[in-house]
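Undergrad: A single structure is presented below for examination.
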Amino acid sequence: MKRLVLWSLGAAVLFGMVGCQQQEKKAQLTSKVNLPDGTLAYLRDLSKENADYVDTTKVMGGEIVFKRQEPDGLYGIEVQMNFWPVYLSSTPVAVDATVTPRKYEGANTELFNAYAAVEADYEKELVPLKDEQRKLEQGEITPEVEARLKELDGKVDALTSQFKEKVYPIIKQYPNNLYALNLFQILDIKDEKQMKDFADWLATWQPTYNDHILMKQVREYIDIETRLQRNKPFVDIAGVSMTGDSVHLSEFAGKGKPILVEVWASWCKGCLQGMPALFDIYNKYKAKGLEIFCVSVDQSADAWKEAVTKLGMPWKTNYVYTEMMDPNSPMRRYNSLGLPINVLIDGKGKIVGRSMPHEEIDTRLDMIFNMPAGMDVMWE
């Protein structure tokens, strides 16, 4: 069960009217919100490498007012667990999020409105499913509860796939639009043909966008994701063992036997719930040579060690990488915003698949161990 752990982009937000008082090429942002006075609000500049904070204020009288004036560009208002991108320019923009879908008024807001409409429909169906998941996870995990959680996961995945299919063609109606780049990041597209299609479309944009950080991020994402497709060589990652030794995936992968990479964390409920199925897979195939390269991204090595012991992990290849946001972390190297991550690598070091259900992992391993030794397969 995948859990979003970074950058909660595109979440439902409780914002009201947004107005801009402008000077030349600058704008001031005011928002009416349904939040208590004193609630902290932040403004992020999405044109910065790390989406740096550029202003901070508090809700007063149901309003958020960012007094400093910022250059034209794409920004993000962050309030509590909500994050809402907005384009600031010399032309005033108003956003009413007290209605569903939220309504934007002003220049260059067509894409914002189109996305908001699709997002509202998506969230109307998604929220009840997620609420039920959370409620079930807080109680005893019986076989019946586990079966229901699995069913809910399937519904969420299907709903999310439908949502992405609706949003993608909408994005492509708006070239030379920074919000289109932001939405592509939110969709986390991994289909090779679709990524190529998007890259070809970006090539038609005005050259002035080539050096923008969002354009660079999207192109880097596509480049990395292309290298992670099925049948491509595995990407090496590292970790630290229980004894403090540095270990690399390349010490195990591509040596003739399949390797299953599992990236998890002790605080990730979906990771913990999936461990019994992972144990079953390991116990089924360990005698045939399966090894699991298990890397935690816990910030605390002590928390990781405690979880490994408590879970009773049957394999010895347990490692930790405590800098989750580092460019070389397993999450960044395998281009994922969520946990858990699995990557199945065949004996020749080729990627068989990523983020697969345990049933598919089992099927793929059965194929691997029943094919003639040394046989080279093109995975589909």
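In the structure tokens, chains take letters A, B, ... by order of appearance, with residues numbered from 1 within each chain and ligands from 1 in the order shown.
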What's around A:Leu40 at 8 Å? Count only C-alpha atoms, leave out sequence neighbours fewer than 6 positions away in its own chain, and write the answer as a PyMOL selection string.
TA: chain A and resi 56-59+79-80
Undergrad: Enumerate, as an MDAnalysis selection string, the complete set of residues in stretch 200-249 of chain A that a backbone-based DSSP assignment places in strand (DSSP E or B).
TA: chainID A and resid 233 238:240 246:248
Undergrad: What lies within 12 Å of stretch 284-287 of chain A using only C-alpha atoms, ignoring chain neighbours under 2 positions off, as a VMD selection string?
TA: chain A and resid 257 to 260 277 to 282 289 to 292 314 to 316 361 to 370
Undergrad: Could you tell me how far atom CA of A:Ala307 lies from atom CA of A:Asn328, in Å and to one decimal?
TA: 23.3 Å
Undergrad: From the set A:Gln229, A:Thr142, A:Asn113, A:Asn283, which residue has the shortest atom-to-atom contact distance to A:Lys193, counting only C-alpha atoms?
TA: A:Gln229
Undergrad: Counting only C-alpha atoms, what is within 9 Å of stretch 211-216 of chain A, bar same-chain residues fewer than 6 positions away, as a PDB file with C-alpha atoms, in the first residue's frame?
TA:
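Everything below was put into part.pdb:
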```
ATOM      1  CA  LEU A  46       8.342  26.887  -7.058  1.00  0.00           C
ATOM      2  CA  SER A  47      10.980  28.417  -9.327  1.00  0.00           C
ATOM      3  CA  LYS A  48      13.614  27.711  -6.686  1.00  0.00           C
ATOM      4  CA  GLU A  49      15.532  24.437  -6.530  1.00  0.00           C
ATOM      5  CA  LEU A 178       4.420  26.592 -15.884  1.00  0.00           C
ATOM      6  CA  LEU A 181       4.907  21.357 -15.756  1.00  0.00           C
ATOM      7  CA  ASN A 182       3.790  21.324 -12.133  1.00  0.00           C
ATOM      8  CA  LEU A 202       7.937  20.252 -24.481  1.00  0.00           C
TER       9      LEU A 202
END
```
Undergrad: At a cut-off of 8 Å, can you tabulate as a tab-separated table every residue of stretch 158-232 of chain A near stretch 344-354 of chain A together with its closest atom pair and the distance in Å to one decimal, using only C-alpha atoms and ordering rows by chain then number?
TA:
```
residue	atom	partner	partner_atom	distance
A:Leu228	CA	A:Ile351	CA	7.3
A:Gln229	CA	A:Ile351	CA	7.0
A:Arg230	CA	A:Ile351	CA	5.0
A:Asn231	CA	A:Lys350	CA	5.0
A:Lys232	CA	A:Lys350	CA	5.4
```
Undergrad: How about saving the chosen residues, C-alpha atoms kept, as a compact mmCIF listing (two decimals), in the first residue's frame?
TA:
```
# COMPACT_ATOMS: atom_id res chain seq x y z
CA LEU A 228 14.31 2.71 -15.10
CA GLN A 229 11.99 1.03 -17.60
CA ARG A 230 11.72 -2.74 -17.87
CA ASN A 231 14.73 -4.48 -19.41
CA LYS A 232 17.03 -1.55 -18.59
```
